[in-house]
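Student: Pasting upload.cif below, which is mmCIF, C-alpha atoms.
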```
data_final
#
loop_
_atom_site.group_PDB
_atom_site.id
_atom_site.type_symbol
_atom_site.label_atom_id
_atom_site.label_comp_id
_atom_site.auth_asym_id
_atom_site.auth_seq_id
_atom_site.Cartn_x
_atom_site.Cartn_y
_atom_site.Cartn_z
ATOM 1 C CA MET T 9 92.537 111.457 54.139
ATOM 2 C CA GLN T 10 89.600 113.817 54.601
ATOM 3 C CA TRP T 11 91.011 117.073 53.343
ATOM 4 C CA HIS T 12 91.664 118.525 49.910
ATOM 5 C CA SER T 13 93.608 121.577 51.064
ATOM 6 C CA VAL T 14 95.256 123.099 54.113
ATOM 7 C CA GLY T 15 92.635 125.852 54.124
ATOM 8 C CA GLU T 16 89.823 123.321 54.253
ATOM 9 C CA PHE T 17 91.552 121.508 57.104
ATOM 10 C CA LEU T 18 91.966 124.721 59.098
ATOM 11 C CA ALA T 19 88.368 125.809 58.456
ATOM 12 C CA MET T 20 86.995 122.540 59.946
ATOM 13 C CA GLY T 21 83.771 122.917 57.997
ATOM 14 C CA GLY T 22 83.003 126.212 59.708
ATOM 15 C CA TYR T 23 83.672 124.882 63.217
ATOM 16 C CA ALA T 24 87.292 126.096 63.324
ATOM 17 C CA PHE T 25 86.903 128.163 66.514
ATOM 18 C CA TYR T 26 85.187 125.360 68.422
ATOM 19 C CA VAL T 27 87.336 122.463 67.209
ATOM 20 C CA TRP T 28 90.704 124.237 67.435
ATOM 21 C CA GLY T 29 89.596 125.924 70.644
ATOM 22 C CA SER T 30 88.872 122.525 72.219
ATOM 23 C CA PHE T 31 92.093 120.889 71.095
ATOM 24 C CA GLY T 32 94.014 124.042 72.075
ATOM 25 C CA VAL T 33 92.517 124.213 75.579
ATOM 26 C CA THR T 34 93.157 120.505 76.174
ATOM 27 C CA PHE T 35 96.824 120.539 75.245
ATOM 28 C CA LEU T 36 97.419 123.955 76.808
ATOM 29 C CA CYS T 37 96.087 122.652 80.137
ATOM 30 C CA MET T 38 98.285 119.545 79.914
ATOM 31 C CA ALA T 39 101.309 121.700 79.002
ATOM 32 C CA ILE T 40 100.675 124.089 81.918
ATOM 33 C CA GLU T 41 100.316 121.181 84.329
ATOM 34 C CA SER T 42 103.588 119.652 83.095
ATOM 35 C CA TRP T 43 105.373 123.013 83.309
ATOM 36 C CA LEU T 44 104.186 123.730 86.860
ATOM 37 C CA LEU T 45 105.064 120.195 87.938
ATOM 38 C CA ASN T 46 108.529 120.465 86.439
ATOM 39 C CA LYS T 47 109.098 123.729 88.340
ATOM 40 C CA ARG T 48 107.997 122.013 91.561
ATOM 41 C CA ARG T 49 110.291 119.047 90.876
ATOM 42 C CA GLN T 50 113.276 121.344 90.329
ATOM 43 C CA ARG T 51 112.474 123.318 93.495
ATOM 44 C CA VAL T 52 112.153 120.164 95.609
ATOM 45 C CA THR T 53 115.288 118.428 94.319
ATOM 46 C CA GLN T 54 117.228 121.685 94.825
ATOM 47 C CA ALA T 55 116.001 121.918 98.421
ATOM 48 C CA VAL T 56 116.903 118.291 99.118
ATOM 49 C CA LYS T 57 120.398 118.784 97.694
ATOM 50 C CA GLN T 58 120.960 121.838 99.921
ATOM 51 C CA GLU T 59 119.727 119.895 102.933
ATOM 52 C CA ALA T 60 122.185 117.086 102.241
ATOM 53 C CA PHE T 61 125.193 119.393 102.579
ATOM 54 C CA MET M 6 117.360 88.185 104.308
ATOM 55 C CA LYS M 7 118.435 88.244 100.717
ATOM 56 C CA ASN M 8 117.582 84.544 100.448
ATOM 57 C CA MET M 9 114.142 84.990 101.969
ATOM 58 C CA GLU M 10 113.296 87.595 99.369
ATOM 59 C CA MET M 11 114.514 85.327 96.625
ATOM 60 C CA LYS M 12 112.332 82.486 97.871
ATOM 61 C CA SER M 13 109.142 84.491 98.145
ATOM 62 C CA GLY M 14 109.679 85.870 94.661
ATOM 63 C CA PHE M 15 108.765 89.483 93.942
ATOM 64 C CA ASN M 16 107.930 91.266 97.145
ATOM 65 C CA TRP M 17 105.065 93.646 96.355
ATOM 66 C CA LEU M 18 104.630 94.942 99.896
ATOM 67 C CA LYS M 19 108.133 96.320 99.757
ATOM 68 C CA TYR M 20 106.827 98.980 97.366
ATOM 69 C CA ALA M 21 104.232 100.212 99.856
ATOM 70 C CA SER M 22 107.019 102.170 101.538
ATOM 71 C CA PRO M 23 107.803 105.598 100.034
ATOM 72 C CA LYS M 24 111.538 104.941 100.204
ATOM 73 C CA THR M 25 111.407 101.921 97.896
ATOM 74 C CA PHE M 26 108.556 103.243 95.782
ATOM 75 C CA TYR M 27 110.525 106.378 94.867
ATOM 76 C CA PRO M 28 113.138 104.686 92.606
ATOM 77 C CA LEU M 29 110.540 102.303 91.128
ATOM 78 C CA ALA M 30 108.385 105.283 90.086
ATOM 79 C CA GLY M 31 111.490 106.896 88.626
ATOM 80 C CA LYS M 32 111.963 103.898 86.345
ATOM 81 C CA ILE M 33 108.353 103.854 85.153
ATOM 82 C CA ILE M 34 108.049 107.588 84.362
ATOM 83 C CA PRO M 35 110.183 107.793 81.150
ATOM 84 C CA TRP M 36 108.305 104.884 79.544
ATOM 85 C CA CYS M 37 104.964 106.519 80.306
ATOM 86 C CA VAL M 38 106.072 109.903 78.960
ATOM 87 C CA VAL M 39 107.267 108.455 75.651
ATOM 88 C CA SER M 40 104.294 106.152 75.075
ATOM 89 C CA ALA M 41 101.829 108.904 76.107
ATOM 90 C CA ALA M 42 103.358 111.243 73.508
ATOM 91 C CA VAL M 43 103.255 108.578 70.783
ATOM 92 C CA LEU M 44 99.644 107.566 71.506
ATOM 93 C CA ILE M 45 98.357 111.137 71.794
ATOM 94 C CA LEU M 46 99.973 112.036 68.451
ATOM 95 C CA TYR M 47 98.507 108.886 66.890
ATOM 96 C CA GLY M 48 95.103 109.713 68.392
ATOM 97 C CA LEU M 49 95.325 113.239 66.957
ATOM 98 C CA TYR M 50 96.202 111.799 63.568
ATOM 99 C CA ILE M 51 93.177 109.486 63.598
ATOM 100 C CA GLY M 52 90.882 112.196 64.985
ATOM 101 C CA LEU M 53 91.899 114.943 62.595
ATOM 102 C CA PHE M 54 92.933 113.102 59.426
ATOM 103 C CA VAL M 55 91.473 109.597 59.283
ATOM 104 C CA ALA M 56 88.043 109.824 60.936
ATOM 105 C CA PRO M 57 85.321 110.780 58.460
ATOM 106 C CA THR M 58 82.992 113.773 58.681
ATOM 107 C CA ASP M 59 79.936 113.144 60.860
ATOM 108 C CA PHE M 60 76.682 113.129 58.909
ATOM 109 C CA GLN M 61 74.854 115.160 61.572
ATOM 110 C CA GLN M 62 77.464 117.392 63.165
ATOM 111 C CA GLY M 63 79.882 117.882 60.262
ATOM 112 C CA GLU M 64 83.446 118.545 61.424
ATOM 113 C CA GLY M 65 82.245 119.930 64.771
ATOM 114 C CA TYR M 66 82.001 116.447 66.252
ATOM 115 C CA ARG M 67 85.826 116.116 66.229
ATOM 116 C CA ILE M 68 85.776 117.736 69.678
ATOM 117 C CA ILE M 69 84.783 114.242 70.863
ATOM 118 C CA PHE M 70 88.414 113.084 70.541
ATOM 119 C CA VAL M 71 89.492 115.308 73.424
ATOM 120 C CA HIS M 72 86.204 115.852 75.258
ATOM 121 C CA VAL M 73 85.256 112.229 75.947
ATOM 122 C CA PRO M 74 88.712 110.983 77.073
ATOM 123 C CA ALA M 75 89.065 114.066 79.321
ATOM 124 C CA ALA M 76 85.608 113.442 80.810
ATOM 125 C CA TRP M 77 86.410 109.770 81.403
ATOM 126 C CA PHE M 78 89.597 110.625 83.243
ATOM 127 C CA SER M 79 87.947 113.397 85.263
ATOM 128 C CA MET M 80 85.716 110.652 86.728
ATOM 129 C CA PHE M 81 88.165 107.751 86.744
ATOM 130 C CA LEU M 82 90.910 109.750 88.474
ATOM 131 C CA TYR M 83 88.399 110.872 91.090
ATOM 132 C CA LEU M 84 87.511 107.256 91.864
ATOM 133 C CA LEU M 85 91.203 106.351 91.993
ATOM 134 C CA MET M 86 91.882 109.290 94.316
ATOM 135 C CA ALA M 87 88.995 108.201 96.580
ATOM 136 C CA LEU M 88 90.283 104.615 96.531
ATOM 137 C CA TYR M 89 93.777 105.680 97.639
ATOM 138 C CA ALA M 90 92.283 108.014 100.231
ATOM 139 C CA GLY M 91 90.175 105.111 101.547
ATOM 140 C CA LEU M 92 93.200 102.799 101.612
ATOM 141 C CA GLY M 93 95.048 105.505 103.510
ATOM 142 C CA LEU M 94 92.305 105.616 106.138
ATOM 143 C CA VAL M 95 92.049 101.840 106.475
ATOM 144 C CA LEU M 96 95.747 100.934 106.445
ATOM 145 C CA ASN M 97 97.023 104.264 107.761
ATOM 146 C CA ALA M 98 99.548 104.112 104.904
ATOM 147 C CA ARG M 99 101.328 107.358 104.116
ATOM 148 C CA LEU M 100 102.052 106.423 100.520
ATOM 149 C CA SER M 101 98.318 105.995 99.861
ATOM 150 C CA TYR M 102 97.594 109.517 101.094
ATOM 151 C CA MET M 103 100.448 110.841 98.989
ATOM 152 C CA MET M 104 99.037 109.077 95.925
ATOM 153 C CA ALA M 105 95.585 110.542 96.586
ATOM 154 C CA SER M 106 96.932 114.076 96.782
ATOM 155 C CA ALA M 107 99.157 113.497 93.730
ATOM 156 C CA ILE M 108 96.151 112.403 91.650
ATOM 157 C CA ALA M 109 93.898 115.340 92.589
ATOM 158 C CA PRO M 110 95.474 118.124 90.435
ATOM 159 C CA THR M 111 95.458 115.970 87.283
ATOM 160 C CA GLY M 112 91.850 114.939 87.897
ATOM 161 C CA ALA M 113 90.866 118.570 88.384
ATOM 162 C CA MET M 114 92.714 119.536 85.187
ATOM 163 C CA PHE M 115 90.789 116.928 83.153
ATOM 164 C CA THR M 116 87.515 118.066 84.753
ATOM 165 C CA LEU M 117 88.230 121.631 83.661
ATOM 166 C CA VAL M 118 89.130 120.402 80.157
ATOM 167 C CA ALA M 119 85.906 118.355 79.956
ATOM 168 C CA LEU M 120 83.836 121.378 81.022
ATOM 169 C CA VAL M 121 85.521 123.861 78.659
ATOM 170 C CA THR M 122 85.560 121.565 75.618
ATOM 171 C CA GLY M 123 81.955 120.616 76.409
ATOM 172 C CA SER M 124 81.066 124.282 76.415
ATOM 173 C CA LEU M 125 82.854 124.761 73.080
ATOM 174 C CA TRP M 126 80.838 121.849 71.728
ATOM 175 C CA GLY M 127 77.535 122.962 73.249
ATOM 176 C CA LYS M 128 77.615 126.410 71.676
ATOM 177 C CA PRO M 129 77.498 125.341 67.994
ATOM 178 C CA MET M 130 75.301 122.247 68.562
ATOM 179 C CA TRP M 131 72.806 123.392 71.221
ATOM 180 C CA GLY M 132 73.194 127.155 70.810
ATOM 181 C CA ALA M 133 74.302 127.629 74.421
ATOM 182 C CA TRP M 134 77.679 127.662 76.172
ATOM 183 C CA TRP M 135 76.115 126.283 79.307
ATOM 184 C CA VAL M 136 72.816 124.752 80.412
ATOM 185 C CA TRP M 137 71.997 123.689 83.950
ATOM 186 C CA ASP M 138 71.221 120.110 83.105
ATOM 187 C CA ALA M 139 72.096 117.025 85.150
ATOM 188 C CA ARG M 140 75.268 115.994 83.278
ATOM 189 C CA LEU M 141 76.830 119.443 83.173
ATOM 190 C CA THR M 142 75.856 120.357 86.730
ATOM 191 C CA SER M 143 77.181 117.100 88.237
ATOM 192 C CA GLU M 144 80.466 117.524 86.320
ATOM 193 C CA LEU M 145 80.751 121.067 87.700
ATOM 194 C CA ILE M 146 80.178 119.632 91.199
ATOM 195 C CA LEU M 147 83.073 117.245 90.488
ATOM 196 C CA LEU M 148 85.336 120.251 89.876
ATOM 197 C CA PHE M 149 84.166 121.771 93.183
ATOM 198 C CA LEU M 150 84.895 118.474 94.967
ATOM 199 C CA TYR M 151 88.465 118.501 93.658
ATOM 200 C CA ILE M 152 88.819 122.147 94.710
ATOM 201 C CA GLY M 153 87.368 121.287 98.119
ATOM 202 C CA TYR M 154 89.905 118.476 98.466
ATOM 203 C CA PHE M 155 92.866 120.822 97.786
ATOM 204 C CA SER M 156 91.492 123.567 100.016
ATOM 205 C CA LEU M 157 90.974 121.201 102.923
ATOM 206 C CA GLN M 158 94.528 119.875 102.594
ATOM 207 C CA ALA M 159 95.887 123.410 102.474
ATOM 208 C CA ALA M 160 93.734 124.646 105.365
ATOM 209 C CA ILE M 161 94.918 122.109 107.965
ATOM 210 C CA ASP M 162 98.487 122.553 109.143
ATOM 211 C CA ASP M 163 98.934 119.102 110.652
ATOM 212 C CA LYS M 164 99.646 116.941 107.587
ATOM 213 C CA ASN M 165 98.294 113.785 109.187
ATOM 214 C CA ARG M 166 94.960 115.395 110.079
ATOM 215 C CA ALA M 167 94.799 117.096 106.676
ATOM 216 C CA ASP M 168 95.221 113.717 104.977
ATOM 217 C CA LYS M 169 92.452 112.134 107.034
ATOM 218 C CA ALA M 170 89.960 114.983 106.678
ATOM 219 C CA SER M 171 90.472 115.305 102.928
ATOM 220 C CA ALA M 172 90.255 111.510 102.530
ATOM 221 C CA VAL M 173 86.800 111.580 104.121
ATOM 222 C CA LEU M 174 85.764 114.359 101.737
ATOM 223 C CA ALA M 175 87.116 112.374 98.749
ATOM 224 C CA LEU M 176 85.180 109.261 99.819
ATOM 225 C CA VAL M 177 81.898 111.063 100.438
ATOM 226 C CA GLY M 178 82.233 112.919 97.129
ATOM 227 C CA ALA M 179 82.723 109.655 95.217
ATOM 228 C CA ILE M 180 78.930 109.251 95.202
ATOM 229 C CA ASN M 181 78.897 112.038 92.602
ATOM 230 C CA VAL M 182 80.766 109.938 90.013
ATOM 231 C CA PRO M 183 77.983 107.395 89.314
ATOM 232 C CA ILE M 184 75.575 110.341 89.321
ATOM 233 C CA ILE M 185 77.590 111.983 86.525
ATOM 234 C CA TYR M 186 77.885 108.746 84.607
ATOM 235 C CA PHE M 187 74.220 107.774 84.744
ATOM 236 C CA SER M 188 72.823 111.334 84.657
ATOM 237 C CA VAL M 189 72.102 111.022 80.944
ATOM 238 C CA LYS M 190 69.960 107.954 81.653
ATOM 239 C CA TRP M 191 68.266 109.014 84.875
ATOM 240 C CA TRP M 192 67.218 112.491 83.799
ATOM 241 C CA ASN M 193 66.115 114.079 80.602
ATOM 242 C CA THR M 194 69.127 116.018 79.483
ATOM 243 C CA LEU M 195 70.384 117.857 76.448
ATOM 244 C CA HIS M 196 73.619 115.905 76.668
ATOM 245 C CA GLN M 197 73.795 112.856 74.445
ATOM 246 C CA GLY M 198 73.979 109.348 75.907
ATOM 247 C CA ALA M 199 77.134 107.333 76.556
ATOM 248 C CA SER M 200 79.401 107.104 73.494
ATOM 249 C CA VAL M 201 80.741 103.731 74.512
ATOM 250 C CA SER M 202 78.884 101.154 76.550
ATOM 251 C CA LEU M 203 79.719 97.624 77.572
ATOM 252 C CA MET M 204 76.116 96.551 77.134
ATOM 253 C CA LYS M 205 75.516 97.488 73.527
ATOM 254 C CA ALA M 206 77.392 98.026 70.291
ATOM 255 C CA PRO M 207 79.040 101.449 70.127
ATOM 256 C CA ALA M 208 76.894 104.109 68.481
ATOM 257 C CA MET M 209 79.688 105.304 66.242
ATOM 258 C CA ALA M 210 81.954 104.307 63.381
ATOM 259 C CA ALA M 211 84.802 101.953 64.307
ATOM 260 C CA VAL M 212 87.479 104.457 63.289
ATOM 261 C CA MET M 213 85.973 107.178 65.506
ATOM 262 C CA LEU M 214 85.916 104.732 68.406
ATOM 263 C CA LYS M 215 89.519 103.775 67.719
ATOM 264 C CA GLY M 216 90.636 107.414 67.720
ATOM 265 C CA MET M 217 88.873 108.021 71.012
ATOM 266 C CA LEU M 218 90.317 104.909 72.664
ATOM 267 C CA VAL M 219 93.862 105.633 71.469
ATOM 268 C CA MET M 220 93.563 109.168 72.835
ATOM 269 C CA ALA M 221 92.155 107.809 76.103
ATOM 270 C CA ILE M 222 95.085 105.412 76.570
ATOM 271 C CA GLY M 223 97.418 108.325 75.790
ATOM 272 C CA PHE M 224 95.709 110.421 78.512
ATOM 273 C CA TRP M 225 95.965 107.446 80.873
ATOM 274 C CA LEU M 226 99.734 107.173 80.361
ATOM 275 C CA TYR M 227 100.074 110.953 80.686
ATOM 276 C CA SER M 228 98.173 110.740 83.984
ATOM 277 C CA ILE M 229 100.415 107.943 85.283
ATOM 278 C CA ALA M 230 103.530 109.952 84.381
ATOM 279 C CA VAL M 231 102.460 113.233 86.012
ATOM 280 C CA VAL M 232 101.019 111.499 89.091
ATOM 281 C CA LEU M 233 104.246 109.545 89.639
ATOM 282 C CA ILE M 234 106.386 112.671 89.187
ATOM 283 C CA ARG M 235 104.124 114.493 91.654
ATOM 284 C CA VAL M 236 104.175 111.683 94.200
ATOM 285 C CA ARG M 237 107.983 111.698 94.051
ATOM 286 C CA CYS M 238 107.947 115.428 94.851
ATOM 287 C CA GLU M 239 105.495 114.715 97.661
ATOM 288 C CA ILE M 240 107.773 111.985 99.104
ATOM 289 C CA LEU M 241 110.796 114.290 99.032
ATOM 290 C CA GLU M 242 108.888 117.202 100.562
ATOM 291 C CA ARG M 243 107.305 115.214 103.364
ATOM 292 C CA ASP M 244 110.243 112.981 104.163
ATOM 293 C CA SER M 245 112.888 115.672 104.083
ATOM 294 C CA LYS M 246 110.739 117.619 106.560
ATOM 295 C CA ALA M 247 110.380 114.484 108.666
ATOM 296 C CA ALA M 248 114.155 113.966 108.477
ATOM 297 C CA MET M 249 114.695 117.520 109.747
ATOM 298 C CA PHE M 250 112.652 116.807 112.862
ATOM 299 C CA ARG M 251 114.426 113.515 113.465
ATOM 300 C CA GLN M 252 117.851 115.145 113.468
ATOM 301 C CA ASP M 253 118.038 115.765 117.254
#
```
Using structure tokens, write down the structure that the file contains.
Tutor:
Amino acid sequence: MQWHSVGEFLAMGGYAFYVWGSFGVTFLCMAIESWLLNKRRQRVTQAVKQEAF
Amino acid sequence: MKNMEMKSGFNWLKYASPKTFYPLAGKIIPWCVVSAAVLILYGLYIGLFVAPTDFQQGEGYRIIFVHVPAAWFSMFLYLLMALYAGLGLVLNARLSYMMASAIAPTGAMFTLVALVTGSLWGKPMWGAWWVWDARLTSELILLFLYIGYFSLQAAIDDKNRADKASAVLALVGAINVPIIYFSVKWWNTLHQGASVSLMKAPAMAAVMLKGMLVMAIGFWLYSIAVVLIRVRCEILERDSKAAMFRQD
């Protein structure tokens, strides 16, 4: 374990903005992609169900 | 018929048809989602808690754990997209075209992530958010190629022609991938050399390498999951439209 306190962990040796910014952007992009894709999936399956009847 | 299939063992070609591929993809997706989540969390744990401080870049280097895997997949997914597009052209297989267009958004997303995290890394280490050097410029061109691919597909109404035209674009653009990869060797750039190379021992501590590889496999499984979900949407969209025209 690298860290002695939560504060030290969050500060990232002074690089907090850059490190947390990078991790944040990465997982935000993946989350947005998943969310948009899920919306598309729901829309498509709904349309197919309506077509079937 | 049943017997013939039994004799020939597992019939791979069967899965080249969208109708049979659809349920197969549906079975693979949950496994990929779960293992992607586990590996990404494990990669985060190694990257943020286990990996030691870098002697040159302090804690700032930890960006590597998302930047490098994202950059790898921005390139790898492009090559995979071009491969499927090429297969589509050669075999005139609809599922190949669908795979190519299902891969594109995820590839573009990882390209954007690689560019933004690279920028966030460049600022503290080089003192600039952006420099027009070979690595950064060719990666930006990769993003434009992905955008060009979507735009071309959206611009042509006839789906068949759209598939063919965008496949040609994807294939021609593939030349950019080796340019990105070798840019740090061919030109003098600010960007550091390859972190991992097959030719020589990795230039980093084993635990850092492990964190990066675990994260990369996590991104790989994530990519498989989202691409398969997207290709299933694509199959339903295209085939339900086709079914509508067949109704008369």
Student: If you measure from atom CA of Ile69 of chain M to atom CA of Arg235 of chain M, what distance in Å do you get, rounded to one decimal?
Tutor: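 Interatomic distance, atom CA of Ile69 of chain M to atom CA of Arg235 of chain M: 28.4 Å.
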Student: May I have the residues within 10 Å of Thr194 of chain M as a list in words, using all atoms listed in the file and disregarding those fewer than 5 positions away in the same chain?
Tutor: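 In the requested form, the answer reads Val136, Trp137, Asp138, Ala139, Arg140, Leu141, Ser188 and Val189 of chain M.
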Student: Go ahead and dump the residues you just picked, C-alpha atoms, as a PDB file, keeping the file's coordinate frame.
Tutor:
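Dumped everything to selection00.pdb:
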```
ATOM      1  CA  VAL M 136      72.816 124.752  80.412  1.00  0.00           C
ATOM      2  CA  TRP M 137      71.997 123.689  83.950  1.00  0.00           C
ATOM      3  CA  ASP M 138      71.221 120.110  83.105  1.00  0.00           C
ATOM      4  CA  ALA M 139      72.096 117.025  85.150  1.00  0.00           C
ATOM      5  CA  ARG M 140      75.268 115.994  83.278  1.00  0.00           C
ATOM      6  CA  LEU M 141      76.830 119.443  83.173  1.00  0.00           C
ATOM      7  CA  SER M 188      72.823 111.334  84.657  1.00  0.00           C
ATOM      8  CA  VAL M 189      72.102 111.022  80.944  1.00  0.00           C
TER       9      VAL M 189
END
```
Student: Report as a count of residues only the set of chain T residues whose atoms approach chain M to within 8 Å, with distances computed over only C-alpha atoms.
Tutor: 24
Student: Which residue out of M:Val73, M:Val95, M:Met80, M:Ala90 has the minimum interatomic distance to Ala170 of chain M when all atoms listed in the file are used?
Tutor: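 Under the stated criterion, the closest residue is M:Ala90.
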Student: Please enclose the listed atoms of segment 28-46 of chain M in an axis-aligned box, pad each side by 5 Å, and write out the centre and the three edge lengths in Å, rounded to one decimal, as AutoDock Vina command-line options.
Tutor:
```
--center_x 105.7 --center_y 107.2 --center_z 80.5 --size_x 24.8 --size_y 19.7 --size_z 34.2
```
Student: Expand the PyMOL selection byres ((chain M and resi 151) around 9) into the individual residues it matches in the shown file, reporting them as a list in words.
Tutor: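 Evaluating the PyMOL selection byres ((chain M and resi 151) around 9) on these coordinates yields Tyr83, Ala109, Pro110, Gly112, Ala113, Thr116, Ile146, Leu147, Leu148, Phe149, Leu150, Ile152, Gly153, Tyr154, Phe155, Ser156 and Ala175 of chain M.
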Student: Could you check how far atom CA of Phe35 of chain T sits from atom CA of Leu218 of chain M, in Å to one decimal?
Tutor: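 We find that atom CA of Phe35 of chain T and atom CA of Leu218 of chain M lie 17.1 Å from each other.
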